$ cat structure33.pdb   # PDB, C-alpha atoms
MODEL        1
ATOM      1  CA  PHE W   1      -1.876  -7.226  -9.166  1.00  0.00           C
ATOM      2  CA  LEU W   2      -2.856  -8.419  -5.692  1.00  0.00           C
ATOM      3  CA  GLN W   3      -0.364  -6.103  -3.986  1.00  0.00           C
ATOM      4  CA  SER W   4      -1.393  -3.108  -6.086  1.00  0.00           C
ATOM      5  CA  CYS W   5      -5.031  -3.763  -5.109  1.00  0.00           C
ATOM      6  CA  TYR W   6      -3.953  -3.968  -1.470  1.00  0.00           C
ATOM      7  CA  GLU W   7      -2.094  -0.646  -1.760  1.00  0.00           C
ATOM      8  CA  GLY W   8      -4.718   1.019  -3.966  1.00  0.00           C
ATOM      9  CA  LYS W   9      -2.225   1.887  -6.698  1.00  0.00           C
ATOM     10  CA  GLY W  10      -2.200   1.738 -10.468  1.00  0.00           C
ATOM     11  CA  TYR W  11       0.790   1.347 -12.766  1.00  0.00           C
ATOM     12  CA  LYS W  12       1.898   4.373 -14.751  1.00  0.00           C
ATOM     13  CA  TYR W  13       4.801   4.264 -17.159  1.00  0.00           C
ATOM     14  CA  GLY W  14       7.480   6.890 -16.490  1.00  0.00           C
ATOM     15  CA  GLY W  15       7.369   9.743 -14.040  1.00  0.00           C
ATOM     16  CA  ALA W  16       7.595   9.549 -10.282  1.00  0.00           C
ATOM     17  CA  GLU W  17       5.799   7.209  -7.919  1.00  0.00           C
ATOM     18  CA  THR W  18       2.919   8.828  -6.029  1.00  0.00           C
ATOM     19  CA  ASP W  19       0.478   7.744  -3.329  1.00  0.00           C
ATOM     20  CA  PHE W  20      -1.766   6.415  -6.093  1.00  0.00           C
ATOM     21  CA  GLU W  21       0.657   5.227  -8.792  1.00  0.00           C
ATOM     22  CA  TYR W  22       3.738   3.062  -9.048  1.00  0.00           C
ATOM     23  CA  THR W  23       6.260   3.144 -11.868  1.00  0.00           C
ATOM     24  CA  SER W  24       8.162  -0.084 -11.297  1.00  0.00           C
ATOM     25  CA  SER W  25       6.630  -3.495 -10.778  1.00  0.00           C
ATOM     26  CA  SER W  26       9.659  -4.898  -8.970  1.00  0.00           C
ATOM     27  CA  GLY W  27       9.028  -3.085  -5.685  1.00  0.00           C
ATOM     28  CA  VAL W  28       5.328  -3.944  -5.621  1.00  0.00           C
ATOM     29  CA  PHE W  29       5.990  -7.584  -6.523  1.00  0.00           C
ATOM     30  CA  LYS W  30       8.713  -7.962  -3.883  1.00  0.00           C
ATOM     31  CA  ARG W  31       6.541  -6.294  -1.219  1.00  0.00           C
ATOM     32  CA  PHE W  32       3.860  -8.862  -1.962  1.00  0.00           C
ATOM     33  CA  LEU W  33       6.321 -11.702  -1.436  1.00  0.00           C
ATOM     34  CA  GLU W  34       7.989 -10.255   1.650  1.00  0.00           C
ATOM     35  CA  GLU W  35       5.176  -8.566   3.541  1.00  0.00           C
ATOM     36  CA  ASN W  36       2.311 -11.041   3.263  1.00  0.00           C
ATOM     37  CA  SER W  37       1.981 -14.003   5.579  1.00  0.00           C
ATOM     38  CA  LEU W  38       1.676 -16.420   2.663  1.00  0.00           C
ATOM     39  CA  SER W  39       5.357 -16.225   1.907  1.00  0.00           C
ATOM     40  CA  LYS W  40       7.139 -14.256   4.622  1.00  0.00           C
ATOM     41  CA  SER W  41       9.214 -17.178   5.762  1.00  0.00           C
ATOM     42  CA  ALA W  42      10.018 -18.325   2.239  1.00  0.00           C
ATOM     43  CA  PHE W  43      11.100 -15.041   0.697  1.00  0.00           C
ATOM     44  CA  LYS W  44      13.007 -13.178   3.411  1.00  0.00           C
ATOM     45  CA  LYS W  45      16.808 -13.246   3.658  1.00  0.00           C
ATOM     46  CA  ASN W  46      18.085 -16.534   4.992  1.00  0.00           C
ATOM     47  CA  ALA W  47      21.622 -16.932   6.325  1.00  0.00           C
ATOM     48  CA  SER W  48      21.847 -20.565   5.183  1.00  0.00           C
ATOM     49  CA  SER W  49      20.819 -19.736   1.614  1.00  0.00           C
ATOM     50  CA  PRO W  50      23.296 -19.859  -1.278  1.00  0.00           C
ATOM     51  CA  ILE W  51      21.747 -16.591  -2.520  1.00  0.00           C
ATOM     52  CA  PRO W  52      24.123 -13.653  -1.820  1.00  0.00           C
ATOM     53  CA  LYS W  53      23.202 -11.841   1.375  1.00  0.00           C
ATOM     54  CA  ILE W  54      22.563  -8.576  -0.503  1.00  0.00           C
ATOM     55  CA  LEU W  55      19.600 -10.235  -2.202  1.00  0.00           C
ATOM     56  CA  THR W  56      16.432 -11.486  -0.619  1.00  0.00           C
ATOM     57  CA  PHE W  57      14.637 -14.515  -1.964  1.00  0.00           C
ATOM     58  CA  ALA W  58      12.083 -12.049  -3.281  1.00  0.00           C
ATOM     59  CA  ASP W  59      14.758 -10.238  -5.340  1.00  0.00           C
ATOM     60  CA  ASP W  60      16.023 -13.525  -6.712  1.00  0.00           C
ATOM     61  CA  PHE W  61      12.516 -14.851  -7.387  1.00  0.00           C
ATOM     62  CA  TYR W  62      11.424 -11.618  -9.079  1.00  0.00           C
ATOM     63  CA  SER W  63      14.449 -11.462 -11.370  1.00  0.00           C
ATOM     64  CA  HIS W  64      14.834 -15.124 -12.239  1.00  0.00           C
ATOM     65  CA  VAL W  65      11.363 -16.631 -11.986  1.00  0.00           C
ATOM     66  CA  ARG W  66       8.835 -13.834 -12.589  1.00  0.00           C
ATOM     67  CA  CYS W  67      10.911 -11.930 -15.170  1.00  0.00           C
ATOM     68  CA  GLY W  68      12.363 -15.126 -16.609  1.00  0.00           C
ATOM     69  CA  LEU W  69       8.921 -16.600 -17.213  1.00  0.00           C
ATOM     70  CA  LEU W  70       7.400 -13.362 -18.456  1.00  0.00           C
ATOM     71  CA  HIS W  71      10.207 -12.267 -20.776  1.00  0.00           C
ATOM     72  CA  GLU W  72      11.907 -15.518 -21.771  1.00  0.00           C
ATOM     73  CA  ALA W  73       9.325 -18.234 -21.028  1.00  0.00           C
ATOM     74  CA  ALA W  74      11.905 -19.913 -18.789  1.00  0.00           C
ATOM     75  CA  THR W  75      13.298 -19.627 -15.289  1.00  0.00           C
ATOM     76  CA  ASN W  76      17.021 -18.950 -14.919  1.00  0.00           C
ATOM     77  CA  ASN W  77      19.787 -18.698 -12.331  1.00  0.00           C
ATOM     78  CA  ASN W  78      19.176 -22.309 -11.271  1.00  0.00           C
ATOM     79  CA  TRP W  79      15.477 -21.847 -10.440  1.00  0.00           C
ATOM     80  CA  VAL W  80      13.156 -24.723 -11.302  1.00  0.00           C
ATOM     81  CA  ILE W  81       9.436 -25.248 -10.823  1.00  0.00           C
ATOM     82  CA  ASN W  82       8.293 -28.590  -9.461  1.00  0.00           C
ATOM     83  CA  GLN W  83       4.722 -29.661  -8.985  1.00  0.00           C
ATOM     84  CA  LYS W  84       5.094 -30.493  -5.280  1.00  0.00           C
ATOM     85  CA  PRO W  85       7.664 -31.658  -2.708  1.00  0.00           C
ATOM     86  CA  LYS W  86       8.489 -35.360  -2.395  1.00  0.00           C
ATOM     87  CA  ASP W  87       6.851 -35.409   1.028  1.00  0.00           C
ATOM     88  CA  PRO W  88       3.098 -35.237   0.242  1.00  0.00           C
ATOM     89  CA  ASN W  89       2.414 -33.580   3.631  1.00  0.00           C
ATOM     90  CA  SER W  90       4.936 -30.793   3.135  1.00  0.00           C
ATOM     91  CA  LYS W  91       3.531 -27.263   2.863  1.00  0.00           C
ATOM     92  CA  LYS W  92       6.898 -25.867   1.748  1.00  0.00           C
ATOM     93  CA  VAL W  93       6.599 -23.237  -0.988  1.00  0.00           C
ATOM     94  CA  VAL W  94      10.259 -22.906  -1.949  1.00  0.00           C
ATOM     95  CA  ASN W  95      13.458 -24.812  -1.335  1.00  0.00           C
ATOM     96  CA  THR W  96      16.587 -22.696  -1.639  1.00  0.00           C
ATOM     97  CA  ARG W  97      18.988 -24.747   0.459  1.00  0.00           C
ATOM     98  CA  SER W  98      20.640 -26.504  -2.464  1.00  0.00           C
ATOM     99  CA  LYS W  99      23.667 -24.857  -4.086  1.00  0.00           C
ATOM    100  CA  LYS W 100      22.704 -26.426  -7.419  1.00  0.00           C
ATOM    101  CA  ARG W 101      19.125 -25.241  -7.753  1.00  0.00           C
ATOM    102  CA  LYS W 102      16.289 -23.359  -6.129  1.00  0.00           C
ATOM    103  CA  ILE W 103      12.864 -24.935  -6.316  1.00  0.00           C
ATOM    104  CA  ILE W 104       9.417 -23.401  -6.206  1.00  0.00           C
ATOM    105  CA  TYR W 105       6.638 -25.893  -5.520  1.00  0.00           C
ATOM    106  CA  ARG W 106       3.819 -24.882  -7.839  1.00  0.00           C
ATOM    107  CA  ASP W 107       0.945 -26.647  -6.068  1.00  0.00           C
ATOM    108  CA  ASN W 108       1.862 -25.350  -2.599  1.00  0.00           C
ATOM    109  CA  PHE W 109       2.487 -21.845  -3.921  1.00  0.00           C
ATOM    110  CA  PHE W 110      -0.924 -21.856  -5.599  1.00  0.00           C
ATOM    111  CA  GLU W 111      -2.574 -23.055  -2.365  1.00  0.00           C
ATOM    112  CA  GLU W 112      -0.891 -20.201  -0.471  1.00  0.00           C
ATOM    113  CA  ILE W 113      -2.131 -17.695  -3.065  1.00  0.00           C
ATOM    114  CA  LYS W 114      -5.682 -19.023  -2.679  1.00  0.00           C
ATOM    115  CA  ILE W 115      -5.448 -18.676   1.122  1.00  0.00           C
ATOM    116  CA  TYR W 116      -4.053 -15.155   0.756  1.00  0.00           C
ATOM    117  CA  PHE W 117      -6.869 -14.212  -1.619  1.00  0.00           C
ATOM    118  CA  GLU W 118      -9.596 -15.519   0.710  1.00  0.00           C
ATOM    119  CA  ASN W 119      -8.064 -13.633   3.664  1.00  0.00           C
ATOM    120  CA  TYR W 120      -7.701 -10.462   1.600  1.00  0.00           C
ATOM    121  CA  LYS W 121     -11.274 -10.736   0.305  1.00  0.00           C
ATOM    122  CA  GLN W 122     -12.584 -11.021   3.886  1.00  0.00           C
ATOM    123  CA  LYS W 123     -10.548  -8.007   4.984  1.00  0.00           C
ATOM    124  CA  VAL W 124     -12.057  -5.953   2.150  1.00  0.00           C
ATOM    125  CA  ILE W 125     -15.563  -7.128   3.060  1.00  0.00           C
ATOM    126  CA  ASP W 126     -14.934  -6.312   6.733  1.00  0.00           C
ATOM    127  CA  ASP W 127     -13.441  -2.937   5.696  1.00  0.00           C
ATOM    128  CA  LYS W 128     -10.257  -3.552   7.669  1.00  0.00           C
ATOM    129  CA  ARG W 129      -7.807  -0.741   8.255  1.00  0.00           C
ATOM    130  CA  GLU W 130      -4.196  -1.763   7.714  1.00  0.00           C
ATOM    131  CA  THR W 131      -0.786  -0.185   7.961  1.00  0.00           C
ATOM    132  CA  ILE W 132       1.246  -0.666   4.818  1.00  0.00           C
ATOM    133  CA  LYS W 133       4.913  -0.017   4.260  1.00  0.00           C
ATOM    134  CA  VAL W 134       5.880   1.616   0.987  1.00  0.00           C
ATOM    135  CA  GLY W 135       9.579   2.387   0.763  1.00  0.00           C
ATOM    136  CA  ASN W 136      10.587   4.049   4.022  1.00  0.00           C
ATOM    137  CA  GLN W 137       7.068   5.284   4.756  1.00  0.00           C
ATOM    138  CA  THR W 138       4.157   3.675   6.541  1.00  0.00           C
ATOM    139  CA  LYS W 139       0.578   4.555   5.673  1.00  0.00           C
ATOM    140  CA  ASN W 140      -2.750   3.657   7.222  1.00  0.00           C
ATOM    141  CA  ILE W 141      -5.404   2.704   4.683  1.00  0.00           C
ATOM    142  CA  TYR W 142      -8.793   1.089   4.533  1.00  0.00           C
ATOM    143  CA  LEU W 143      -8.431  -1.954   2.315  1.00  0.00           C
ATOM    144  CA  ARG W 144     -11.876  -1.478   0.769  1.00  0.00           C
ATOM    145  CA  ASP W 145     -10.975   2.072  -0.275  1.00  0.00           C
ATOM    146  CA  ALA W 146      -7.648   0.877  -1.666  1.00  0.00           C
ATOM    147  CA  PHE W 147      -9.369  -1.863  -3.661  1.00  0.00           C
ATOM    148  CA  CYS W 148     -11.917   0.600  -5.034  1.00  0.00           C
ATOM    149  CA  ARG W 149      -9.130   3.018  -5.908  1.00  0.00           C
ATOM    150  CA  LYS W 150      -7.391   0.265  -7.904  1.00  0.00           C
ATOM    151  CA  MET W 151     -10.627  -0.487  -9.741  1.00  0.00           C
ATOM    152  CA  ASP W 152     -11.003   3.255 -10.441  1.00  0.00           C
ATOM    153  CA  PHE W 153      -7.542   3.240 -11.965  1.00  0.00           C
ATOM    154  CA  LEU W 154      -8.319   0.229 -14.155  1.00  0.00           C
ATOM    155  CA  CYS W 155     -11.519   1.936 -15.352  1.00  0.00           C
ATOM    156  CA  GLU W 156      -9.604   5.207 -15.908  1.00  0.00           C
ATOM    157  CA  TYR W 157     -11.765   7.047 -13.366  1.00  0.00           C
ATOM    158  CA  GLU W 158     -10.108  10.253 -12.132  1.00  0.00           C
ATOM    159  CA  ILE W 159      -8.354   9.647  -8.796  1.00  0.00           C
ATOM    160  CA  ASP W 160      -7.454  12.741  -6.828  1.00  0.00           C
ATOM    161  CA  GLN W 161      -8.407  12.064  -3.231  1.00  0.00           C
ATOM    162  CA  PRO W 162      -6.228  10.681  -0.448  1.00  0.00           C
ATOM    163  CA  LEU W 163      -6.719   7.080   0.604  1.00  0.00           C
ATOM    164  CA  ASN W 164      -8.067   8.089   4.007  1.00  0.00           C
ATOM    165  CA  ASN W 165     -10.781  10.438   2.651  1.00  0.00           C
ATOM    166  CA  ARG W 166     -13.966   8.384   2.904  1.00  0.00           C
ATOM    167  CA  THR W 167     -16.347  11.078   1.698  1.00  0.00           C
ATOM    168  CA  GLY W 168     -15.683  11.620  -2.020  1.00  0.00           C
ATOM    169  CA  GLY W 169     -15.941   9.741  -5.279  1.00  0.00           C
ATOM    170  CA  TRP W 170     -18.422   7.171  -6.498  1.00  0.00           C
ATOM    171  CA  TRP W 171     -16.911   4.690  -4.075  1.00  0.00           C
ATOM    172  CA  ASN W 172     -18.087   6.609  -1.043  1.00  0.00           C
ATOM    173  CA  LEU W 173     -18.928   3.674   1.179  1.00  0.00           C
ATOM    174  CA  ASN W 174     -22.215   5.283   2.212  1.00  0.00           C
ATOM    175  CA  ASN W 175     -23.340   5.119  -1.426  1.00  0.00           C
ATOM    176  CA  ILE W 176     -22.295   1.558  -2.300  1.00  0.00           C
ATOM    177  CA  TYR W 177     -24.975  -1.084  -2.372  1.00  0.00           C
ATOM    178  CA  LEU W 178     -24.032  -4.739  -2.718  1.00  0.00           C
ATOM    179  CA  LEU W 179     -26.381  -6.794  -4.854  1.00  0.00           C
ATOM    180  CA  ARG W 180     -26.738 -10.301  -3.516  1.00  0.00           C
TER     181      ARG W 180
ENDMDL
END
$ encode --input "structure33.pdb" --output "structure tokens"
Amino acid sequence: FLQSCYEGKGYKYGGAETDFEYTSSSGVFKRFLEENSLSKSAFKKNASSPIPKILTFADDFYSHVRCGLLHEAATNNNWVINQKPKDPNSKKVVNTRSKKRKIIYRDNFFEEIKIYFENYKQKVIDDKRETIKVGNQTKNIYLRDAFCRKMDFLCEYEIDQPLNNRTGGWWNLNNIYLLR
């Protein structure tokens, strides 16, 4: 959800992916893990990992933690969820160095998500322009427009304007008033 807000996309079953819609959650989920500072170091390929080199941690996590929990109510492929590392000062999110199991530290992961969310929220408030990578393409977007586009999709509001067109739609930034 956070990555689709960031990209300004909504999920649509079937069909082809467009600038405004995605058809597979795996790519969006893995981009969130690999491209955001919260988890870049934890979910990129790692030469010392027992995970095959053709997979990233994000691939492995998506398939065996996210899908395992969602579809089977259990992790698999030797993934386990621990509350926190033994060292109380450790900020480590995952531990994949063991050949026997891969560990995600729930408390640290949650703290990283909270930090990500606060940073993302501030970028939307500041109306930051970002370059995003989707597949082999890079696109420049305003994060506030992308967030509004995602909300449009959730509310089933017709979306037919490019992400860089800041003149149309109810979310025209000149027409938005924040109530405080």
$ atom_distance --input "structure33.pdb" --atom1 "CA of Ala146 (chain W)" --atom2 "CA of Asp127 (chain W)"
10.1 Å
$ residues_around --input "structure33.pdb" --residues "region 139-141 of chain W" --least-positions-apart "5" --cutoff "6 Å" --atoms "all atoms listed in the file" --output "VMD selection string"
chain W and resid 129 to 132
$ resolve_selection --input "structure33.pdb" --expression "the PyMOL selection byres ((chain W and resi 15-22) around 9)" --output "list of chain:residue names"
W:Ser4, W:Glu7, W:Gly8, W:Lys9, W:Gly10, W:Tyr11, W:Lys12, W:Tyr13, W:Gly14, W:Thr23, W:Ser24, W:Ser25, W:Gly27, W:Val28, W:Arg149, W:Lys150, W:Phe153, W:Ile159, W:Asp160, W:Pro162, W:Leu163
$ atom_distance --input "structure33.pdb" --atom1 "CA of Arg31 (chain W)" --atom2 "CA of Asp60 (chain W)"
13.1 Å
$ closest_residue --input "structure33.pdb" --among "W:His64, W:Lys114, W:Arg106, W:Lys133" --to "Phe32 (chain W)" --atoms "all atoms listed in the file"
W:Lys133
$ atom_distance --input "structure33.pdb" --atom1 "CA of Lys99 (chain W)" --atom2 "CA of Ile113 (chain W)"
26.8 Å
$ resolve_selection --input "structure33.pdb" --expression "the PyMOL selection byres ((chain W and resi 80) around 12)" --output "number ranges by chain"
W: 61, 64-66, 68-69, 74-79, 81-84, 94-96, 98, 100-106
$ resolve_selection --input "structure33.pdb" --expression "the PyMOL selection byres ((chain W and resi 108) around 7)" --output "PDB file with C-alpha atoms, in the frame of the given file"
ATOM      1  CA  LYS W  84       5.094 -30.493  -5.280  1.00  0.00           C
ATOM      2  CA  LYS W  91       3.531 -27.263   2.863  1.00  0.00           C
ATOM      3  CA  LYS W  92       6.898 -25.867   1.748  1.00  0.00           C
ATOM      4  CA  VAL W  93       6.599 -23.237  -0.988  1.00  0.00           C
ATOM      5  CA  TYR W 105       6.638 -25.893  -5.520  1.00  0.00           C
ATOM      6  CA  ARG W 106       3.819 -24.882  -7.839  1.00  0.00           C
ATOM      7  CA  ASP W 107       0.945 -26.647  -6.068  1.00  0.00           C
ATOM      8  CA  PHE W 109       2.487 -21.845  -3.921  1.00  0.00           C
ATOM      9  CA  PHE W 110      -0.924 -21.856  -5.599  1.00  0.00           C
ATOM     10  CA  GLU W 111      -2.574 -23.055  -2.365  1.00  0.00           C
ATOM     11  CA  GLU W 112      -0.891 -20.201  -0.471  1.00  0.00           C
TER      12      GLU W 112
END
$ axis_aligned_box --input "structure33.pdb" --around "region 58-75 of chain W" --padding-each-side "4 Å" --output "AutoDock Vina command-line options"
--center_x 11.7 --center_y -15.1 --center_z -12.5 --size_x 16.6 --size_y 17.7 --size_z 26.5
